$ cat start.cif   # mmCIF, C-alpha atoms
data_input
#
loop_
_atom_site.label_atom_id
_atom_site.label_comp_id
_atom_site.auth_asym_id
_atom_site.auth_seq_id
_atom_site.Cartn_x
_atom_site.Cartn_y
_atom_site.Cartn_z
CA MET Y 1 -82.60 45.56 -15.71
CA GLU Y 2 -80.13 46.00 -18.53
CA MET Y 3 -76.55 47.14 -18.30
CA THR Y 4 -74.38 48.42 -21.13
CA ILE Y 5 -70.83 49.72 -20.96
CA GLU Y 6 -69.11 52.33 -23.07
CA THR Y 7 -65.71 53.96 -22.97
CA ILE Y 8 -65.87 57.73 -23.15
CA ALA Y 9 -63.03 60.23 -23.06
CA ASP Y 10 -59.72 59.49 -21.44
CA GLY Y 11 -60.09 55.99 -20.00
CA ILE Y 12 -63.45 56.70 -18.39
CA THR Y 13 -66.01 53.92 -18.38
CA LYS Y 14 -69.71 54.77 -18.44
CA VAL Y 15 -72.07 52.08 -17.20
CA ASN Y 16 -75.62 52.63 -18.45
CA LEU Y 17 -78.40 51.02 -16.45
CA THR Y 18 -81.95 50.70 -17.75
CA GLY Y 19 -84.92 49.53 -15.72
CA ARG Y 20 -85.93 49.02 -12.09
CA PHE Y 21 -83.02 48.48 -9.75
CA ASP Y 22 -84.83 46.16 -7.35
CA ILE Y 23 -83.54 43.10 -5.53
CA LEU Y 24 -83.93 40.84 -8.56
CA ALA Y 25 -82.06 43.30 -10.80
CA ALA Y 26 -79.32 43.59 -8.20
CA GLN Y 27 -78.88 39.83 -8.14
CA GLN Y 28 -78.86 39.79 -11.91
CA ILE Y 29 -76.11 42.37 -12.42
CA ASP Y 30 -74.11 41.93 -9.22
CA LEU Y 31 -71.40 39.78 -10.74
CA GLN Y 32 -70.99 41.80 -13.93
CA PHE Y 33 -70.92 45.05 -12.03
CA SER Y 34 -68.26 43.82 -9.63
CA VAL Y 35 -66.14 42.65 -12.57
CA ILE Y 36 -66.32 46.15 -14.05
CA ALA Y 37 -65.50 47.71 -10.69
CA GLY Y 38 -62.55 45.40 -10.32
CA SER Y 39 -61.08 46.31 -13.66
CA HIS Y 40 -61.77 50.02 -14.16
CA ARG Y 41 -60.58 53.05 -12.24
CA LYS Y 42 -62.85 55.80 -13.52
CA VAL Y 43 -66.48 54.77 -13.63
CA ILE Y 44 -69.61 56.82 -14.20
CA VAL Y 45 -72.90 55.03 -13.54
CA ASP Y 46 -75.67 56.56 -15.61
CA LEU Y 47 -78.96 56.25 -13.70
CA GLU Y 48 -81.13 58.38 -15.96
CA GLN Y 49 -83.11 55.34 -17.16
CA VAL Y 50 -83.56 53.85 -13.70
CA PRO Y 51 -87.03 54.73 -12.37
CA PHE Y 52 -86.72 52.78 -9.11
CA MET Y 53 -84.01 51.80 -6.65
CA ALA Y 54 -84.14 50.03 -3.31
CA SER Y 55 -81.60 48.94 -0.71
CA MET Y 56 -80.21 46.03 -2.71
CA GLY Y 57 -79.44 48.38 -5.60
CA ILE Y 58 -77.59 50.64 -3.21
CA ARG Y 59 -75.67 47.63 -1.99
CA THR Y 60 -74.48 46.78 -5.49
CA LEU Y 61 -73.39 50.37 -6.12
CA LEU Y 62 -71.60 50.69 -2.77
CA ILE Y 63 -69.73 47.44 -3.14
CA GLY Y 64 -68.59 48.55 -6.59
CA ALA Y 65 -67.59 51.95 -5.28
CA LYS Y 66 -65.57 50.42 -2.44
CA THR Y 67 -63.70 48.21 -4.88
CA ILE Y 68 -62.92 51.08 -7.22
CA GLN Y 69 -61.91 53.47 -4.50
CA SER Y 70 -59.77 50.90 -2.71
CA LYS Y 71 -57.58 50.92 -5.82
CA GLY Y 72 -57.35 54.67 -5.93
CA GLY Y 73 -60.07 55.05 -8.54
CA ARG Y 74 -63.29 57.08 -8.53
CA MET Y 75 -66.94 56.41 -9.17
CA ALA Y 76 -69.77 58.88 -9.77
CA LEU Y 77 -73.53 58.58 -10.24
CA LEU Y 78 -75.09 60.46 -13.12
CA LYS Y 79 -78.59 61.94 -13.45
CA PRO Y 80 -80.64 59.92 -10.96
CA VAL Y 81 -84.34 60.80 -11.22
CA LEU Y 82 -85.79 62.70 -8.30
CA ASP Y 83 -87.18 59.77 -6.30
CA VAL Y 84 -84.06 57.68 -6.83
CA GLU Y 85 -81.92 60.63 -5.75
CA LYS Y 86 -83.96 60.77 -2.56
CA VAL Y 87 -83.12 57.10 -1.93
CA LEU Y 88 -79.44 57.88 -2.49
CA THR Y 89 -79.40 60.88 -0.17
CA THR Y 90 -81.57 59.24 2.50
CA SER Y 91 -79.17 56.33 2.65
CA GLY Y 92 -76.14 58.61 2.77
CA THR Y 93 -74.82 57.01 -0.42
CA ASP Y 94 -74.24 60.43 -1.96
CA THR Y 95 -71.73 61.33 0.72
CA VAL Y 96 -69.43 58.57 -0.43
CA VAL Y 97 -70.31 58.37 -4.13
CA PRO Y 98 -70.92 61.79 -5.70
CA ILE Y 99 -74.10 62.51 -7.65
CA LEU Y 100 -73.83 64.72 -10.72
CA HIS Y 101 -76.53 65.91 -13.08
CA ASP Y 102 -74.50 66.54 -16.20
CA LEU Y 103 -71.98 64.39 -17.94
CA GLN Y 104 -69.11 66.88 -17.96
CA SER Y 105 -69.28 67.32 -14.19
CA ALA Y 106 -69.24 63.56 -13.76
CA ILE Y 107 -66.23 63.32 -16.06
CA ASN Y 108 -64.47 66.02 -14.05
CA THR Y 109 -65.31 64.25 -10.79
CA VAL Y 110 -63.86 60.90 -11.75
CA SER Y 111 -60.85 62.42 -13.45
CA VAL Y 112 -59.40 64.02 -10.36
CA MET E 1 -108.14 43.17 -10.13
CA THR E 2 -108.24 41.46 -6.75
CA PHE E 3 -106.74 38.02 -6.95
CA ASN E 4 -107.46 35.95 -3.88
CA ARG E 5 -105.39 32.85 -3.38
CA GLN E 6 -105.88 32.56 0.34
CA SER E 7 -104.35 29.26 1.36
CA THR E 8 -106.56 27.01 3.46
CA ARG E 9 -103.57 26.57 5.75
CA CYS E 10 -103.76 30.19 6.84
CA ARG E 11 -105.74 30.84 9.94
CA SER E 12 -108.43 33.46 9.59
CA ARG E 13 -107.36 36.99 10.39
CA PRO E 14 -108.11 38.30 13.83
CA ALA E 15 -111.17 40.57 14.03
CA ALA E 16 -109.71 43.61 15.75
CA PRO E 17 -108.07 46.00 13.27
CA LEU E 18 -105.54 48.66 14.17
CA PRO E 19 -107.55 51.80 14.96
CA VAL E 20 -106.60 53.70 11.83
CA ARG E 21 -109.27 55.83 10.29
CA ILE E 22 -109.66 54.90 6.66
CA VAL E 23 -111.90 57.39 4.95
CA ASP E 24 -112.50 55.55 1.72
CA PRO E 25 -114.05 52.10 1.98
CA GLN E 26 -112.83 48.94 0.32
CA PRO E 27 -109.06 48.83 0.30
CA GLU E 28 -107.58 47.20 -2.75
CA THR E 29 -106.00 43.92 -1.74
CA LEU E 30 -103.64 41.32 -3.13
CA ILE E 31 -102.39 38.06 -1.68
CA VAL E 32 -99.01 36.77 -2.79
CA ARG E 33 -96.63 34.08 -1.59
CA ALA E 34 -93.49 35.06 0.26
CA GLU E 35 -91.22 34.35 -2.73
CA MET E 36 -88.87 36.59 -4.73
CA VAL E 37 -90.65 35.79 -7.97
CA GLU E 38 -93.75 37.59 -6.62
CA LEU E 39 -92.04 40.96 -6.27
CA ALA E 40 -92.63 41.94 -9.88
CA ARG E 41 -96.32 41.13 -9.55
CA VAL E 42 -96.57 43.27 -6.41
CA SER E 43 -94.96 46.18 -8.16
CA SER E 44 -97.28 45.94 -11.20
CA TRP E 45 -100.30 45.69 -8.94
CA ALA E 46 -99.22 48.73 -6.89
CA SER E 47 -98.79 50.67 -10.11
CA GLU E 48 -102.30 49.73 -11.34
CA VAL E 49 -103.83 50.61 -7.97
CA ALA E 50 -102.00 53.94 -7.90
CA GLU E 51 -103.45 54.77 -11.30
CA ARG E 52 -106.99 53.87 -10.19
CA LEU E 53 -106.59 55.92 -7.01
CA THR E 54 -104.85 58.75 -8.92
CA LEU E 55 -101.89 58.78 -6.59
CA PRO E 56 -98.95 61.06 -7.37
CA ARG E 57 -95.84 59.40 -8.78
CA SER E 58 -93.75 60.04 -5.69
CA THR E 59 -96.40 58.45 -3.43
CA LEU E 60 -96.39 55.35 -5.63
CA PHE E 61 -92.60 55.30 -5.50
CA ALA E 62 -92.66 55.36 -1.70
CA ILE E 63 -95.25 52.56 -1.56
CA ASP E 64 -93.32 50.53 -4.11
CA LEU E 65 -90.12 50.97 -2.13
CA CYS E 66 -91.73 49.92 1.15
CA PHE E 67 -93.30 46.85 -0.42
CA GLU E 68 -89.93 45.87 -1.84
CA GLU E 69 -88.12 46.30 1.46
CA ALA E 70 -90.79 44.73 3.66
CA LEU E 71 -91.38 41.78 1.36
CA SER E 72 -87.72 41.04 0.83
CA ASN E 73 -87.25 40.99 4.62
CA ILE E 74 -90.21 38.62 5.02
CA ILE E 75 -88.88 36.36 2.27
CA ARG E 76 -85.30 36.31 3.54
CA TYR E 77 -85.85 36.21 7.28
CA GLY E 78 -89.45 35.23 7.98
CA PHE E 79 -89.19 31.50 7.44
CA PRO E 80 -85.81 30.14 8.54
CA ASP E 81 -85.26 26.38 8.56
CA GLN E 82 -88.66 25.56 7.19
CA PRO E 83 -88.90 26.32 3.50
CA GLU E 84 -91.81 24.08 2.72
CA THR E 85 -93.00 22.74 6.04
CA PRO E 86 -96.69 21.88 5.82
CA GLY E 87 -98.78 24.09 8.03
CA VAL E 88 -96.56 27.12 7.54
CA CYS E 89 -98.56 29.80 5.83
CA LYS E 90 -96.45 31.74 3.37
CA ASP E 91 -99.21 33.99 2.10
CA VAL E 92 -98.66 37.72 2.44
CA ARG E 93 -101.70 39.97 2.28
CA LEU E 94 -101.23 43.48 0.94
CA ALA E 95 -103.79 46.26 1.07
CA ILE E 96 -103.84 49.85 -0.17
CA ALA E 97 -106.53 52.34 0.84
CA ARG E 98 -106.69 56.00 -0.06
CA GLY E 99 -107.84 58.57 2.48
CA THR E 100 -108.11 62.33 2.10
CA ILE E 101 -104.54 63.27 2.84
CA ALA E 102 -102.81 59.94 3.20
CA VAL E 103 -102.69 56.43 1.80
CA THR E 104 -102.74 53.53 4.24
CA VAL E 105 -100.91 50.36 3.29
CA THR E 106 -100.93 47.15 5.27
CA ILE E 107 -98.67 44.12 4.92
CA GLU E 108 -99.62 40.96 6.78
CA ASP E 109 -97.52 37.80 6.95
CA HIS E 110 -97.31 34.68 9.08
CA GLY E 111 -93.53 34.46 9.43
CA LEU E 112 -91.41 34.91 12.52
CA ALA E 113 -92.37 37.79 14.76
CA PHE E 114 -90.49 40.82 13.53
CA ASP E 115 -91.05 44.42 14.55
CA PRO E 116 -89.11 46.64 12.14
CA ARG E 117 -89.34 49.56 14.52
CA GLU E 118 -86.89 47.79 16.78
CA VAL E 119 -84.13 47.87 14.19
CA ALA E 120 -81.64 50.66 14.86
CA ALA E 121 -81.04 53.07 12.03
CA PRO E 122 -77.61 52.67 10.45
CA ALA E 123 -75.25 55.56 11.10
CA PRO E 124 -74.71 57.67 7.97
CA PRO E 125 -71.41 56.64 6.43
CA ARG E 126 -68.65 59.22 6.48
CA THR E 127 -66.33 57.17 4.35
CA ILE E 128 -66.88 54.45 1.81
CA GLY E 129 -65.30 51.97 4.19
CA GLU E 130 -67.97 52.67 6.78
CA ALA E 131 -70.91 52.32 4.47
CA THR E 132 -72.92 49.24 5.35
CA ILE E 133 -76.19 47.85 4.17
CA GLY E 134 -77.55 46.33 7.37
CA GLY E 135 -80.76 48.03 8.46
CA LEU E 136 -80.85 50.19 5.37
CA GLY E 137 -84.15 48.84 4.03
CA ILE E 138 -85.96 49.69 7.22
CA HIS E 139 -84.26 53.07 7.41
CA LEU E 140 -85.55 53.83 3.93
CA MET E 141 -89.05 52.76 4.93
CA ARG E 142 -88.98 55.13 7.88
CA GLN E 143 -87.92 58.01 5.67
CA PHE E 144 -90.38 57.36 2.88
CA ALA E 145 -93.47 56.56 4.96
CA ARG E 146 -95.11 59.16 7.14
CA ASP E 147 -95.62 56.59 9.86
CA ILE E 148 -95.16 52.94 10.59
CA ALA E 149 -97.21 50.85 13.01
CA TYR E 150 -96.70 47.22 13.89
CA GLN E 151 -98.86 44.60 15.54
CA ARG E 152 -98.27 40.95 16.27
CA LEU E 153 -101.67 39.21 16.30
CA ASP E 154 -102.21 35.49 16.67
CA GLY E 155 -99.12 34.40 14.74
CA MET E 156 -99.34 37.20 12.20
CA ASN E 157 -97.22 40.29 11.67
CA ARG E 158 -99.18 43.32 10.57
CA LEU E 159 -97.28 46.32 9.35
CA THR E 160 -99.34 49.46 8.71
CA LEU E 161 -97.72 52.28 6.78
CA ARG E 162 -99.11 55.68 5.95
CA PHE E 163 -97.92 57.81 3.06
CA ASP E 164 -98.60 61.43 2.32
CA ILE E 165 -100.36 62.11 -0.95
CA ALA E 166 -97.60 64.47 -2.01
#
$ encode --input "start.cif" --output "structure tokens"
Amino acid sequence: MEMTIETIADGITKVNLTGRFDILAAQQIDLQFSVIAGSHRKVIVDLEQVPFMASMGIRTLLIGAKTIQSKGGRMALLKPVLDVEKVLTTSGTDTVVPILHDLQSAINTVSV
Amino acid sequence: MTFNRQSTRCRSRPAAPLPVRIVDPQPETLIVRAEMVELARVSSWASEVAERLTLPRSTLFAIDLCFEEALSNIIRYGFPDQPETPGVCKDVRLAIARGTIAVTVTIEDHGLAFDPREVAAPAPPRTIGEATIGGLGIHLMRQFARDIAYQRLDGMNRLTLRFDIA
């Protein structure tokens, strides 16, 4: 899985993930993702190009979200595909990290 | 393509199958080793099989997810303290068979006895601080598979999952 980072309006960081978010991908990006979570307060994770996610992917996202939120920041998940969204809602992840389906809503969510 | 690498260390499978009615004959099967590097191969194989069986995308997703969760549990917890002990069979046999309204998937390994149905579901997190990962893989399997059956037979775990053809 690939990860790219861009800064969009107003100090908001968008993390773009591409590819399957399986256990191997989670191991691969864990460190980088936690570095980003440790150093940014408003993070949007764009999941539009992620066709698959399992429990280890959720783990990476939740650990990042905990780090960000423990410092008063906010994280949001953007445009998960249907099956991935089902994984996120089944696991209850969406109750602690909001899911949005358009960029502006995600920006609004992390800007509060 | 069925790729059989059955290790001679593995004992032959017991004769009595779980009484699940499989309408179509000849499940597609694959044997892999219980190693992380095999996960990508399992996923590609599942995808090819799904195409041959014309399974809907969401059914393939559910199967893919359950393979990932079940296999990663087998790899991480099935063989403690004996990574390469001779005589320990690390082959995992996977099978997919399509019926009329459901797909039946079986996963057979020779690791420690482990019945995933005994794992309690994690409580849904109300706050980020409460969110934990323990038990999540099995919880996902329960939600994505229509049913889960488990047997322990002569040193082998057999997990049988059924998925709706959405």
$ resolve_selection --input "start.cif" --expression "the PyMOL selection byres ((chain E and resi 46) around 10)" --output "JSON, numbers by chain"
{"E": [28, 29, 30, 40, 41, 42, 43, 44, 45, 47, 48, 49, 50, 51, 52, 60, 61, 63, 64, 67, 94, 95, 96]}
$ residues_around --input "start.cif" --residues "Glu68 in chain E" --least-positions-apart "6" --cutoff "12 Å" --atoms "only C-alpha atoms" --output "ChimeraX atom specification"
/Y:20-24,52-57 /E:34-44,46,61-62,74-76,94,107,137-138,140-141
$ closest_residue --input "start.cif" --among "Y:Asp10, Y:Glu2, Y:Glu48, Y:Asp94" --to "chain E" --atoms "all atoms listed in the file"
Y:Asp94
$ resolve_selection --input "start.cif" --expression "the PyMOL selection byres ((chain Y) within 12 of (chain E))" --output "JSON, numbers by chain"
{"Y": [20, 21, 22, 23, 24, 25, 27, 51, 52, 53, 54, 55, 56, 57, 58, 59, 60, 61, 62, 63, 64, 65, 66, 67, 68, 69, 70, 74, 75, 81, 82, 83, 84, 85, 86, 87, 88, 89, 90, 91, 92, 93, 94, 95, 96, 97, 98]}
$ atom_distance --input "start.cif" --atom1 "CA of Ala9 in chain Y" --atom2 "CA of Ile107 in chain Y"
8.3 Å
$ closest_residue --input "start.cif" --among "Y:Ile29, Y:Val35, Y:Leu47, Y:Ile99" --to "Lys14 in chain Y" --atoms "all atoms listed in the file"
Y:Leu47
$ resolve_selection --input "start.cif" --expression "the PyMOL selection byres ((chain E and resi 160) around 6)" --output "list of chain:residue names"
E:Val105, E:Thr106, E:Ile148, E:Ala149, E:Leu159, E:Leu161
$ residues_around --input "start.cif" --residues "Gly155 in chain E" --least-positions-apart "3" --cutoff "9 Å" --atoms "only C-alpha atoms" --output "MDAnalysis selection string"
chainID E and resid 11 109:113 152
$ atom_distance --input "start.cif" --atom1 "CA of Leu31 in chain Y" --atom2 "CA of Ile44 in chain Y"
17.5 Å
$ closest_residue --input "start.cif" --among "Y:Ile12, Y:Val45, Y:Leu17, Y:Ala37" --to "Asn108 in chain Y" --atoms "all atoms listed in the file"
Y:Ile12
$ atom_distance --input "start.cif" --atom1 "CA of Arg41 in chain Y" --atom2 "CA of Gly72 in chain Y"
7.3 Å
$ closest_residue --input "start.cif" --among "E:Gly78, E:Gly87, E:Gly99, E:Pro116" --to "Ile165 in chain E" --atoms "only C-alpha atoms"
E:Gly99
